[in-house]
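Engineer: Below is entry.txt; it holds compact mmCIF, C-alpha atoms and all ligand atoms.
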```txt
# COMPACT_ATOMS: atom_id res chain seq x y z
CA MET A 1 48.47 89.74 -64.09
CA ASP A 2 51.30 88.13 -66.09
CA ARG A 3 50.88 88.26 -69.85
CA TYR A 4 51.73 85.72 -72.51
CA ALA A 5 51.23 85.45 -76.25
CA THR A 6 49.65 81.99 -76.03
CA ALA A 7 48.52 79.55 -73.38
CA ARG A 8 51.31 77.25 -74.56
CA ASP A 9 53.87 79.96 -73.71
CA ALA A 10 52.25 80.38 -70.29
CA ALA A 11 52.29 76.63 -69.61
CA LEU A 12 55.91 76.15 -70.67
CA LYS A 13 57.10 79.21 -68.73
CA MET A 14 55.08 78.63 -65.55
CA ARG A 15 55.05 74.82 -65.65
CA PRO A 16 51.95 75.06 -63.42
CA ASP A 17 50.74 72.22 -61.23
CA VAL A 18 47.53 74.11 -60.46
CA SER A 19 45.06 74.90 -63.20
CA VAL A 20 45.43 78.38 -64.72
CA TYR A 21 42.75 80.59 -66.26
CA CYS A 22 43.90 82.38 -69.42
CA PHE A 23 41.94 85.62 -69.81
CA ARG A 24 41.64 87.40 -73.16
CA PRO A 25 40.04 90.78 -72.43
CA HIS A 26 40.12 91.85 -76.09
CA VAL A 27 38.19 88.71 -77.08
CA LEU A 28 35.61 89.50 -74.41
CA ARG A 29 35.24 93.07 -75.64
CA GLU A 30 34.95 91.84 -79.23
CA ASP A 31 32.23 89.29 -78.41
CA ALA A 32 30.30 91.83 -76.31
CA ARG A 33 30.39 94.37 -79.14
CA ARG A 34 29.35 91.72 -81.65
CA PHE A 35 26.30 90.82 -79.59
CA LYS A 36 25.39 94.46 -79.06
CA GLU A 37 25.56 95.09 -82.80
CA LEU A 38 23.40 92.09 -83.64
CA PHE A 39 20.70 92.54 -81.00
CA PRO A 40 18.11 95.25 -81.69
CA GLY A 41 17.71 96.38 -78.07
CA LYS A 42 19.53 96.69 -74.77
CA THR A 43 22.20 94.12 -73.94
CA ALA A 44 22.12 93.19 -70.23
CA TYR A 45 24.99 90.84 -69.41
CA ALA A 46 23.93 87.97 -67.11
CA VAL A 47 26.38 88.33 -64.23
CA LYS A 48 25.93 84.78 -62.91
CA THR A 49 27.70 83.41 -66.01
CA ASN A 50 30.98 84.93 -64.87
CA GLY A 51 30.98 87.67 -62.26
CA GLU A 52 34.74 88.23 -61.97
CA PRO A 53 35.45 91.98 -61.64
CA MET A 54 37.94 91.71 -64.54
CA VAL A 55 35.05 90.50 -66.71
CA ILE A 56 32.66 93.26 -65.65
CA ARG A 57 35.42 95.82 -66.24
CA ALA A 58 36.12 94.63 -69.79
CA LEU A 59 32.40 94.60 -70.57
CA VAL A 60 32.00 98.17 -69.33
CA GLU A 61 34.95 99.13 -71.57
CA ALA A 62 33.09 97.50 -74.46
CA GLY A 63 30.08 99.71 -73.80
CA ILE A 64 27.88 97.31 -71.79
CA ASP A 65 26.00 99.48 -69.28
CA THR A 66 23.19 97.13 -68.19
CA PHE A 67 23.50 93.97 -66.14
CA ASP A 68 21.14 91.12 -65.25
CA VAL A 69 21.73 90.47 -61.54
CA ALA A 70 20.20 88.02 -59.07
CA SER A 71 21.64 88.70 -55.61
CA PRO A 72 23.07 91.47 -53.42
CA ALA A 73 26.58 90.14 -54.08
CA GLU A 74 25.99 90.54 -57.82
CA PHE A 75 24.55 94.05 -57.34
CA ALA A 76 27.70 95.03 -55.44
CA THR A 77 30.11 93.39 -57.90
CA VAL A 78 28.73 95.42 -60.77
CA ARG A 79 28.38 98.72 -58.93
CA ASP A 80 31.93 98.45 -57.51
CA VAL A 81 33.22 98.42 -61.08
CA SER A 82 30.64 100.72 -62.63
CA PRO A 83 28.66 102.98 -60.23
CA ASP A 84 26.38 104.13 -63.08
CA ALA A 85 25.49 100.71 -64.44
CA GLU A 86 21.80 99.89 -64.75
CA LEU A 87 20.87 96.75 -62.81
CA LEU A 88 17.93 94.51 -63.73
CA TYR A 89 16.98 92.25 -60.82
CA MET A 90 15.77 89.29 -62.85
CA HIS A 91 15.43 86.57 -60.23
CA PRO A 92 11.76 85.54 -59.96
CA VAL A 93 12.00 84.33 -56.33
CA LYS A 94 13.58 86.82 -53.98
CA ALA A 95 14.20 87.23 -50.26
CA GLN A 96 12.40 90.24 -48.86
CA SER A 97 15.66 91.55 -47.39
CA ASP A 98 17.25 91.35 -50.85
CA ILE A 99 14.36 93.30 -52.40
CA ARG A 100 14.93 95.95 -49.74
CA LEU A 101 18.64 96.19 -50.60
CA ALA A 102 17.81 96.31 -54.30
CA LEU A 103 15.32 99.16 -53.96
CA GLU A 104 17.06 101.13 -51.23
CA ARG A 105 20.83 100.78 -51.43
CA PHE A 106 21.17 99.91 -55.13
CA ALA A 107 18.25 101.99 -56.48
CA ILE A 108 17.13 99.12 -58.72
CA ARG A 109 13.79 99.83 -60.37
CA THR A 110 13.39 96.79 -62.66
CA LEU A 111 12.47 93.42 -61.15
CA VAL A 112 10.82 90.21 -62.26
CA VAL A 113 8.09 87.99 -60.80
CA ASP A 114 6.28 84.80 -61.72
CA HIS A 115 3.84 84.70 -58.79
CA GLU A 116 1.47 87.09 -56.99
CA ASP A 117 3.24 86.64 -53.64
CA GLU A 118 6.34 88.22 -55.17
CA ILE A 119 4.24 91.21 -56.23
CA ALA A 120 3.03 91.54 -52.63
CA LYS A 121 6.63 91.42 -51.34
CA ILE A 122 7.81 94.15 -53.70
CA LEU A 123 4.84 96.35 -52.87
CA ARG A 124 5.32 95.85 -49.13
CA VAL A 125 9.02 96.77 -49.27
CA ALA A 126 8.40 99.78 -51.53
CA ARG A 127 5.74 101.10 -49.14
CA ALA A 128 7.95 100.52 -46.09
CA LEU A 129 10.74 102.49 -47.78
CA ASP A 130 8.35 105.22 -48.90
CA ILE A 131 9.28 104.60 -52.54
CA ASP A 132 6.70 105.56 -55.16
CA HIS A 133 5.97 102.11 -56.58
CA THR A 134 4.80 103.52 -59.91
CA THR A 135 8.49 104.21 -60.63
CA ILE A 136 9.13 100.44 -60.53
CA THR A 137 8.79 98.22 -63.60
CA VAL A 138 7.98 94.59 -62.91
CA PHE A 139 8.50 92.04 -65.65
CA VAL A 140 6.38 88.92 -65.64
CA ARG A 141 8.36 85.85 -66.53
CA ILE A 142 6.47 83.43 -68.70
CA ALA A 143 7.23 79.72 -68.80
CA THR A 144 8.46 78.55 -72.18
CA LYS A 145 9.05 75.16 -73.67
CA GLY A 146 12.51 75.10 -75.16
CA HIS A 147 15.17 72.95 -76.71
CA ALA A 148 18.26 74.15 -74.96
CA ALA A 149 21.19 72.02 -73.87
CA TYR A 150 20.34 73.28 -70.38
CA GLU A 151 16.63 73.28 -69.90
CA LEU A 152 15.94 76.03 -67.38
CA SER A 153 12.38 76.84 -68.37
CA LYS A 154 10.94 74.21 -66.03
CA LYS A 155 11.93 75.91 -62.80
CA PHE A 156 10.63 79.45 -63.26
CA GLY A 157 7.91 81.16 -65.17
CA ALA A 158 4.14 81.57 -65.00
CA ALA A 159 1.91 79.62 -67.36
CA PRO A 160 0.46 81.97 -70.01
CA ALA A 161 -3.00 82.37 -68.40
CA HIS A 162 -1.38 83.04 -65.02
CA ALA A 163 0.98 85.56 -66.63
CA VAL A 164 -2.06 87.43 -67.97
CA GLU A 165 -3.46 87.70 -64.43
CA LEU A 166 -0.11 88.87 -63.05
CA LEU A 167 0.25 91.58 -65.69
CA GLN A 168 -3.25 92.87 -65.00
CA ARG A 169 -2.70 92.82 -61.26
CA LEU A 170 0.60 94.74 -61.61
CA HIS A 171 -1.01 97.28 -63.91
CA ASN A 172 -3.97 97.80 -61.58
CA ILE A 173 -1.64 98.39 -58.62
CA GLY A 174 0.26 100.96 -60.66
CA PHE A 175 3.56 99.24 -61.45
CA GLY A 176 5.07 99.55 -64.90
CA THR A 177 4.87 96.14 -66.58
CA GLY A 178 7.02 94.08 -68.93
CA LEU A 179 7.20 90.56 -70.24
CA CYS A 180 10.21 88.28 -70.16
CA PHE A 181 11.29 84.71 -70.70
CA HIS A 182 14.50 82.74 -70.51
CA VAL A 183 14.56 79.71 -72.74
CA GLY A 184 17.56 77.92 -71.16
CA SER A 185 21.23 77.88 -72.01
CA GLN A 186 23.10 76.90 -75.19
CA VAL A 187 20.03 77.04 -77.41
CA GLU A 188 20.75 75.35 -80.72
CA ASP A 189 17.28 75.39 -82.25
CA PRO A 190 16.47 78.93 -83.43
CA GLU A 191 12.77 78.09 -83.31
CA THR A 192 12.98 78.13 -79.51
CA TYR A 193 12.86 81.93 -79.45
CA GLU A 194 10.04 82.06 -81.98
CA LYS A 195 7.90 79.76 -79.82
CA ALA A 196 8.58 81.90 -76.77
CA LEU A 197 7.63 85.03 -78.73
CA ALA A 198 4.38 83.36 -79.77
CA SER A 199 3.59 82.77 -76.06
CA ALA A 200 4.54 86.34 -75.21
CA ASP A 201 2.22 87.59 -77.95
CA TRP A 202 -0.66 85.48 -76.61
CA VAL A 203 -0.12 86.84 -73.09
CA ARG A 204 0.16 90.45 -74.27
CA ASN A 205 -3.05 90.27 -76.28
CA ARG A 206 -5.08 88.69 -73.47
CA ALA A 207 -3.68 91.03 -70.81
CA GLY A 208 -4.40 94.21 -72.72
CA VAL A 209 -2.16 96.36 -70.51
CA PRO A 210 0.57 98.73 -71.73
CA LEU A 211 4.00 97.08 -71.76
CA ALA A 212 7.22 98.91 -70.94
CA GLY A 213 9.40 96.26 -72.51
CA LEU A 214 10.07 92.71 -73.66
CA ASP A 215 13.08 90.82 -72.34
CA VAL A 216 14.06 87.76 -74.39
CA GLY A 217 16.50 86.38 -71.78
CA GLY A 218 19.72 84.56 -72.60
CA GLY A 219 20.51 81.17 -74.08
CA PHE A 220 22.50 82.24 -77.12
CA PRO A 221 25.00 79.47 -77.87
CA ALA A 222 28.79 79.53 -77.72
CA ALA A 223 31.13 77.39 -79.87
CA TYR A 224 32.45 74.20 -78.29
CA GLY A 225 34.23 71.09 -79.53
CA HIS A 226 33.16 67.76 -80.99
CA ASP A 227 34.42 64.27 -81.71
CA PRO A 228 36.98 64.90 -84.48
CA ARG A 229 36.44 61.42 -85.91
CA SER A 230 32.84 62.08 -86.90
CA ARG A 231 31.21 64.75 -89.03
CA ALA A 232 31.23 68.18 -87.44
CA PRO A 233 27.86 69.23 -86.04
CA GLN A 234 26.41 72.33 -87.68
CA PRO A 235 24.95 74.43 -84.89
CA PRO A 236 23.35 77.68 -86.01
CA SER A 237 25.58 80.74 -85.78
CA LEU A 238 24.67 83.69 -83.59
CA GLU A 239 23.96 85.63 -86.79
CA GLU A 240 21.42 83.00 -87.87
CA ILE A 241 19.75 82.83 -84.47
CA MET A 242 19.59 86.60 -84.29
CA GLU A 243 18.12 86.85 -87.78
CA ARG A 244 15.35 84.41 -86.81
CA LEU A 245 14.80 86.29 -83.56
CA ARG A 246 14.50 89.61 -85.40
CA ALA A 247 12.08 88.06 -87.87
CA GLY A 248 10.01 86.71 -84.96
CA LEU A 249 10.00 90.12 -83.25
CA ASP A 250 8.73 91.70 -86.47
CA GLU A 251 6.20 88.96 -87.12
CA TRP A 252 4.71 89.28 -83.64
CA GLU A 253 5.01 93.07 -83.73
CA PHE A 254 7.27 93.40 -80.74
CA GLY A 255 9.64 95.60 -82.75
CA ASP A 256 8.26 98.86 -81.37
CA LEU A 257 8.70 97.83 -77.70
CA PRO A 258 11.95 98.50 -75.86
CA LEU A 259 13.79 95.17 -76.04
CA VAL A 260 16.28 93.60 -73.64
CA ALA A 261 18.46 90.49 -73.96
CA GLU A 262 20.40 88.85 -71.13
CA PRO A 263 23.27 87.04 -72.83
CA GLY A 264 25.85 85.26 -70.69
CA ARG A 265 27.56 82.29 -72.28
CA VAL A 266 27.74 83.70 -75.82
CA ILE A 267 29.63 86.76 -74.59
CA VAL A 268 32.07 85.29 -72.08
CA ALA A 269 32.79 81.68 -73.16
CA ARG A 270 35.52 82.45 -75.69
CA ALA A 271 37.31 84.93 -73.43
CA PHE A 272 38.88 82.29 -71.16
CA SER A 273 40.70 79.04 -71.58
CA LEU A 274 42.08 76.83 -68.84
CA ILE A 275 45.48 75.18 -68.64
CA VAL A 276 45.29 71.89 -66.76
CA ARG A 277 48.03 69.38 -66.05
CA VAL A 278 47.91 65.65 -66.49
CA LEU A 279 48.76 64.41 -62.99
CA LEU A 280 48.64 60.81 -64.11
CA ARG A 281 47.97 58.89 -67.26
CA LYS A 282 46.57 55.45 -66.57
CA GLY A 283 45.89 53.68 -69.88
CA LYS A 284 43.12 55.62 -71.61
CA ARG A 285 42.41 57.69 -68.51
CA LEU A 286 43.84 61.08 -67.66
CA TYR A 287 43.77 62.30 -64.05
CA ILE A 288 43.93 66.09 -64.17
CA ASN A 289 44.22 68.87 -61.58
CA ASP A 290 40.73 70.31 -62.19
CA GLY A 291 37.29 68.74 -62.56
CA ILE A 292 33.56 69.00 -62.03
CA TRP A 293 33.91 70.54 -58.55
CA ALA A 294 36.24 73.19 -59.96
CA SER A 295 36.10 74.67 -63.48
CA LEU A 296 34.47 71.90 -65.47
CA SER A 297 31.00 71.29 -64.07
CA ASP A 298 29.27 73.02 -66.99
CA SER A 299 30.30 70.20 -69.31
CA TRP A 300 29.30 67.53 -66.84
CA THR A 301 25.69 67.14 -67.96
CA GLY A 302 27.14 65.51 -71.04
CA LYS A 303 25.89 68.08 -73.50
CA ILE A 304 29.15 69.89 -74.12
CA THR A 305 32.37 68.48 -75.57
CA LEU A 306 35.12 70.81 -74.47
CA PRO A 307 37.70 71.73 -77.09
CA ALA A 308 41.12 70.59 -75.89
CA ARG A 309 44.60 71.42 -77.18
CA PHE A 310 47.63 69.35 -76.32
CA ILE A 311 50.62 71.15 -74.76
CA PRO A 312 53.37 68.51 -74.55
CA ASP A 313 56.03 68.92 -71.89
CA PRO A 314 59.29 69.29 -73.88
CA ASN A 315 61.13 67.56 -71.01
CA ILE A 316 59.42 64.29 -71.90
CA ARG A 317 61.79 62.93 -74.54
CA ARG A 318 60.46 59.44 -75.11
CA ARG A 319 56.83 58.93 -76.01
CA ASN A 320 54.76 55.97 -77.10
CA GLY A 321 52.35 56.09 -80.00
CA ASP A 322 51.71 58.19 -83.05
CA PRO A 323 51.31 61.95 -82.43
CA GLU A 324 48.98 62.17 -85.43
CA ASN A 325 46.57 59.66 -83.94
CA ILE A 326 43.82 61.52 -82.05
CA VAL A 327 41.98 59.34 -79.54
CA PRO A 328 39.41 59.87 -76.78
CA PHE A 329 40.65 59.96 -73.17
CA LYS A 330 38.38 59.62 -70.18
CA VAL A 331 39.08 62.55 -67.87
CA CYS A 332 39.11 62.14 -64.08
CA GLY A 333 38.95 65.23 -61.86
CA ALA A 334 41.18 66.27 -58.97
CA THR A 335 38.89 65.44 -56.05
CA CYS A 336 38.50 62.06 -54.37
CA ASP A 337 34.81 62.02 -55.31
CA SER A 338 33.98 59.12 -57.59
CA VAL A 339 31.48 61.22 -59.58
CA ASP A 340 34.28 63.62 -60.49
CA ILE A 341 34.76 62.13 -63.96
CA LEU A 342 33.83 64.08 -67.08
CA THR A 343 30.98 62.63 -69.10
CA ARG A 344 32.59 63.51 -72.41
CA PRO A 345 36.16 62.57 -73.33
CA PHE A 346 39.00 64.84 -74.40
CA TYR A 347 40.26 64.06 -77.90
CA LEU A 348 44.05 64.22 -77.82
CA PRO A 349 47.09 62.68 -79.48
CA GLU A 350 47.70 59.18 -78.14
CA THR A 351 51.16 60.31 -77.02
CA VAL A 352 49.83 62.41 -74.11
CA ASP A 353 51.48 61.46 -70.82
CA THR A 354 51.84 62.22 -67.12
CA GLY A 355 53.19 65.77 -66.73
CA ASP A 356 51.81 67.20 -70.00
CA TRP A 357 49.39 70.13 -70.12
CA ILE A 358 46.08 70.54 -71.87
CA GLU A 359 44.49 73.84 -72.81
CA ILE A 360 40.71 73.69 -72.56
CA GLY A 361 39.11 76.38 -74.69
CA HIS A 362 35.98 78.51 -74.42
CA ILE A 363 35.68 77.92 -70.69
CA GLY A 364 34.62 81.43 -69.67
CA ALA A 365 30.97 80.62 -68.93
CA TYR A 366 29.90 78.80 -65.76
CA SER A 367 33.44 77.71 -64.87
CA MET A 368 35.02 80.01 -62.28
CA ALA A 369 31.49 80.95 -61.16
CA LEU A 370 30.85 77.32 -60.16
CA ARG A 371 34.19 76.56 -58.49
CA THR A 372 34.01 74.94 -55.07
CA ARG A 373 36.58 74.33 -52.33
CA PHE A 374 35.70 70.67 -52.26
CA ASN A 375 38.70 68.61 -51.10
CA GLY A 376 40.64 71.85 -50.73
CA PHE A 377 41.18 72.42 -54.45
CA TYR A 378 40.24 75.91 -55.60
CA PRO A 379 41.79 77.11 -58.87
CA ASP A 380 42.46 80.84 -58.65
CA THR A 381 45.46 81.60 -60.85
CA PHE A 382 44.93 83.99 -63.75
CA VAL A 383 47.14 85.11 -66.62
CA GLU A 384 46.39 87.31 -69.60
CA VAL A 385 46.83 85.77 -73.04
CA ALA A 386 46.88 87.59 -76.38
CA GLU A 387 46.08 84.89 -78.97
CA PRO A 388 42.46 83.76 -79.11
CA PHE A 389 42.05 80.05 -78.42
CA ASP A 390 40.52 79.54 -81.85
CA SER A 391 43.33 81.15 -83.84
CA GLY A 392 46.55 79.49 -84.93
CA GLU A 393 46.94 75.76 -85.13
CA ALA A 394 43.57 74.04 -84.74
CA PRO A 395 43.12 72.23 -81.44
CA GLU A 396 42.63 68.50 -81.68
CA SER A 397 38.90 68.41 -80.98
CA PHE A 398 37.92 71.66 -82.48
CA ALA A 399 37.32 71.17 -86.15
CA SER A 400 33.81 72.50 -85.50
CA LEU A 401 35.03 76.03 -85.11
CA GLU A 402 35.85 76.58 -88.78
CA THR A 403 32.41 75.32 -89.70
CA MET A 404 30.85 77.76 -87.30
CA ALA A 405 32.81 80.69 -88.64
CA ASP A 406 31.64 80.05 -92.24
C1 LIG B 1 21.42 82.24 -66.66
C2 LIG B 1 20.52 83.28 -67.18
C3 LIG B 1 20.87 84.03 -68.32
C4 LIG B 1 22.13 83.77 -69.13
O1 LIG B 1 22.00 82.60 -69.85
P1 LIG B 1 23.09 82.19 -70.97
O2 LIG B 1 22.60 80.90 -71.48
O3 LIG B 1 24.40 82.09 -70.31
O4 LIG B 1 23.06 83.25 -72.02
C5 LIG B 1 20.00 85.01 -68.72
N1 LIG B 1 18.84 85.26 -68.06
C6 LIG B 1 18.47 84.56 -66.98
C7 LIG B 1 17.20 84.89 -66.29
C8 LIG B 1 19.29 83.54 -66.51
O5 LIG B 1 18.92 82.84 -65.44
```
What would the structure in this file look like if it were written as structure tokens?

Structural biologist:
Amino acid sequence: MDRYATARDAALKMRPDVSVYCFRPHVLREDARRFKELFPGKTAYAVKTNGEPMVIRALVEAGIDTFDVASPAEFATVRDVSPDAELLYMHPVKAQSDIRLALERFAIRTLVVDHEDEIAKILRVARALDIDHTTITVFVRIATKGHAAYELSKKFGAAPAHAVELLQRLHNIGFGTGLCFHVGSQVEDPETYEKALASADWVRNRAGVPLAGLDVGGGFPAAYGHDPRSRAPQPPSLEEIMERLRAGLDEWEFGDLPLVAEPGRVIVARAFSLIVRVLLRKGKRLYINDGIWASLSDSWTGKITLPARFIPDPNIRRRNGDPENIVPFKVCGATCDSVDILTRPFYLPETVDTGDWIEIGHIGAYSMALRTRFNGFYPDTFVEVAEPFDSGEAPESFASLETMAD
């Protein structure tokens, strides 16, 4: 992989017409270590957030040895990089053939359920493989009500009373049992975890079975951008969220259980940025060479303003407007699909023009993982970059970062 000091250097040297991912392995290692230090239990990286082998490799180098996986392809991705890694199969609804692969080929012994039929599947496969099912720990996923930018708690999870039944059933059959929840992604209200812990406590007390662990899921927020013309939002820092989570764990007396977290976004977001090119400026619209069917679908729900930095093409000698004037541009994606328009603008100098580049920061989570080949566009060019996106000259729409670092 070619290396550059900054994304600007990469853009000006490569003059790319395709979008380019700028990987910062040291930033990834730093953010993984930071999470590990703050969380009082096992850190299991959620592979779906970004399952690139280069990511798994850097995480293993940073001491991550446990991974939250959801499919045979994810099992294989992790084990190819790290044969000794512990895999937690945390998808509540599984194909029987995938359970077989998990138990047999990948020797996974931690799974999750939110329904009795899943328990029956696991038991059936274990028996068919002649595996002692008492060596398997099954976590029961409880439904939580959260306030995350991405509300995922509606799809999976057993209601508390149902979770009690599932735990008792698992215990009676002889499985090890655990409790887990996943409150959604980009959680900005620290109370979300406390509410989930309160539910977990209720379930534990009613179930009255020994628990092998509590898994608090993911959802920890990453830093993004905001409209530079209005007051910076003040999202809680990871330190704050973690302090509240620790307090909740103490309050509900979960502190003596083995704990697991499944962070994705908070660990990998900052490790990548994306260089895109302005294929056409049409008034206040920018047509770029990436979009919601490529790297930018995560921002499409309208909850995330991506931080953007202007990389002017030095070959453009005459520009209109005032470079100090930062204005919103509507961003249109590369495909011919009329929904391929970002819901939030990029804030850039009004001088931006056809042929310029833009560096989009903190794009590591749910970007390359969600790429499609729609219309034949599939960004797949990677370079390594030394400078973190958030160091040096502040990007135009990223005043929020300094507030978050305070
Ligand atoms: C997606 C997912 C995660 C990771 O979520 P982030 O918000 O990226 O931290 C963790 N656990 C489960 C079960 C998930 O589905």

Engineer: Between CA of Ala200 in chain A and CA of Val183 in chain A, what distance in Å does the model show, to one decimal?

Structural biologist: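 Atom-to-atom, CA of Ala200 in chain A and CA of Val183 in chain A are spaced 12.3 Å apart.
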
Engineer: Rounded to one decimal in Å, what is the spacing between CA of Ala85 in chain A and CA of Pro40 in chain A?

Structural biologist: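 Rounded to one decimal, the two atoms are 19.5 Å apart.
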
Engineer: So how far away is CA of Ala394 in chain A from CA of Arg309 in chain A, in Å?

Structural biologist: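 Going from CA of Arg309 in chain A over to CA of Ala394 in chain A covers 8.1 Å.
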
Engineer: Mind listing the residues within 8 Å of ligand LIG 1 (chain B), all atoms listed in the file counted, as JSON, numbers by chain?

Structural biologist: {"A": [45, 46, 47, 48, 49, 68, 90, 91, 152, 181, 182, 184, 185, 186, 187, 217, 218, 219, 220, 221, 261, 262, 263, 264, 265, 266, 267, 365, 366]}

Engineer: Closest to Phe389 in chain A among A:Ser82, A:Ser297, A:Thr6, A:Thr335, using only C-alpha atoms?

Structural biologist: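 Ranked by minimum distance to Phe389 in chain A, first place goes to A:Thr6.
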
Engineer: Could you make a table, as CSV, of the residues of range 187-302 of chain A that have an atom within 10 Å of an atom of range 170-174 of chain A, each with its nearest atom pair and distance in Å to one decimal, counting only C-alpha atoms, in chain and number order?

Structural biologist:
```
residue,atom,partner,partner_atom,distance
A:Ala207,CA,A:His171,CA,9.7
A:Gly208,CA,A:His171,CA,9.9
A:Val209,CA,A:His171,CA,6.8
A:Pro210,CA,A:His171,CA,8.1
A:Leu211,CA,A:His171,CA,9.3
```

Engineer: Please determine, counting all atoms listed in the file, which residue among A:Ala294, A:Ala232, A:Val140, A:Leu129 has the shortest atom-to-atom distance to Met368 in chain A.

Structural biologist: A:Ala294

Engineer: Excluding range 302-308 of chain A and residues on its chain fewer than 5 positions from it, collect all residues at most 8 Å away from it, counting only C-alpha atoms, and give them as JSON, numbers by chain.

Structural biologist: {"A": [149, 224, 225, 226, 227, 342, 343, 344, 345, 346, 347, 348, 358, 359, 360, 361, 362, 395, 396, 397, 398]}

Engineer: Could you save the residues just selected, with C-alpha atoms, as an mmCIF file, in the frame of the given file?

Structural biologist:
```
data_model
loop_
_atom_site.group_PDB
_atom_site.id
_atom_site.type_symbol
_atom_site.label_atom_id
_atom_site.label_comp_id
_atom_site.auth_asym_id
_atom_site.auth_seq_id
_atom_site.Cartn_x
_atom_site.Cartn_y
_atom_site.Cartn_z
ATOM 1 C CA ALA A 149 21.190 72.020 -73.870
ATOM 2 C CA TYR A 224 32.450 74.200 -78.290
ATOM 3 C CA GLY A 225 34.230 71.090 -79.530
ATOM 4 C CA HIS A 226 33.160 67.760 -80.990
ATOM 5 C CA ASP A 227 34.420 64.270 -81.710
ATOM 6 C CA LEU A 342 33.830 64.080 -67.080
ATOM 7 C CA THR A 343 30.980 62.630 -69.100
ATOM 8 C CA ARG A 344 32.590 63.510 -72.410
ATOM 9 C CA PRO A 345 36.160 62.570 -73.330
ATOM 10 C CA PHE A 346 39.000 64.840 -74.400
ATOM 11 C CA TYR A 347 40.260 64.060 -77.900
ATOM 12 C CA LEU A 348 44.050 64.220 -77.820
ATOM 13 C CA ILE A 358 46.080 70.540 -71.870
ATOM 14 C CA GLU A 359 44.490 73.840 -72.810
ATOM 15 C CA ILE A 360 40.710 73.690 -72.560
ATOM 16 C CA GLY A 361 39.110 76.380 -74.690
ATOM 17 C CA HIS A 362 35.980 78.510 -74.420
ATOM 18 C CA PRO A 395 43.120 72.230 -81.440
ATOM 19 C CA GLU A 396 42.630 68.500 -81.680
ATOM 20 C CA SER A 397 38.900 68.410 -80.980
ATOM 21 C CA PHE A 398 37.920 71.660 -82.480
#
```

Engineer: Compare A:Leu179, A:Glu194, A:Lys282, A:Asp130 by their minimum atom-to-atom distance to Asp215 in chain A, counting all atoms listed in the file, and give me the closest one.

Structural biologist: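 Using all atoms listed in the file, the shortest distance to Asp215 in chain A belongs to A:Leu179.
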
Engineer: Residues at most 6 Å from Ala271 in chain A, counting only C-alpha atoms, excluding those fewer than 4 positions away in the same chain, as an mmCIF file with C-alpha atoms, in the coordinates of the input?

Structural biologist:
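Listed below is the output, around-v2.cif:
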```cif
data_model
loop_
_atom_site.group_PDB
_atom_site.id
_atom_site.type_symbol
_atom_site.label_atom_id
_atom_site.label_comp_id
_atom_site.auth_asym_id
_atom_site.auth_seq_id
_atom_site.Cartn_x
_atom_site.Cartn_y
_atom_site.Cartn_z
ATOM 1 C CA PHE A 23 41.940 85.620 -69.810
ATOM 2 C CA ARG A 24 41.640 87.400 -73.160
ATOM 3 C CA VAL A 27 38.190 88.710 -77.080
ATOM 4 C CA LEU A 28 35.610 89.500 -74.410
ATOM 5 C CA GLY A 364 34.620 81.430 -69.670
#
```

Engineer: Which residue is closest to Tyr89 in chain A? Choose from A:Asp337, A:Asp390, A:Glu384, A:Glu74 and count all atoms listed in the file.

Structural biologist: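 The shortest atom-to-atom distance to Tyr89 in chain A comes from A:Glu74.
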
Engineer: For His26 in chain A, which residue among A:Phe139, A:Phe106, A:Phe272, A:Phe67 is the nearest when counting only C-alpha atoms?

Structural biologist: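 Of A:Phe139, A:Phe106, A:Phe272, A:Phe67, the one nearest His26 in chain A is A:Phe272, counting only C-alpha atoms.
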
Engineer: Tell me which residues come within 7 Å of (21.4, 81.3, -81.3), as a PyMOL selection string, counting all atoms listed in the file in the file's coordinates.

Structural biologist: chain A and resi 187-188+190+220-221+236-238+240-242

Engineer: Which residue gives the smallest distance to Leu87 in chain A among A:Pro379, A:Pro16, A:Gly157, A:Pro72, with all atoms listed in the file counted?

Structural biologist: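 That would be A:Pro72, the residue with the smallest distance to Leu87 in chain A.
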
Engineer: What's around Val81 in chain A at 8 Å? Count all atoms listed in the file, leave out sequence neighbours fewer than 6 positions away in its own chain, and write the answer as a list in words.

Structural biologist: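 Non-adjacent residues within range: Pro53, Ile56 and Arg57 of chain A.
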
Engineer: I'd like the contact shell of Ala11 in chain A - 8 Å cut-off, only C-alpha atoms, skipping same-chain residues fewer than 4 positions apart - returned as a list in words.

Structural biologist: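 Once the adjacent positions are removed, what remains is Ala7, Arg15, Pro16, Ile275, Ile311 and Trp357 of chain A.
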
Engineer: Tell me which residues come within 12 Å of (12.7, 85.8, -47.1), as an NGL selection string, counting all atoms listed in the file in the file's coordinates.

Structural biologist: :A and (93-100 or 117-118 or 121-122 or 125)

Engineer: Emit as JSON the padded axis-aligned box for all listed atoms of range 298-303 of chain A, 6 Å per side, with centre and edge lengths in Å to one decimal.

Structural biologist:
```
{"center_x": 28.0, "center_y": 69.3, "center_z": -70.2, "size_x": 16.6, "size_y": 19.5, "size_z": 18.7}
```
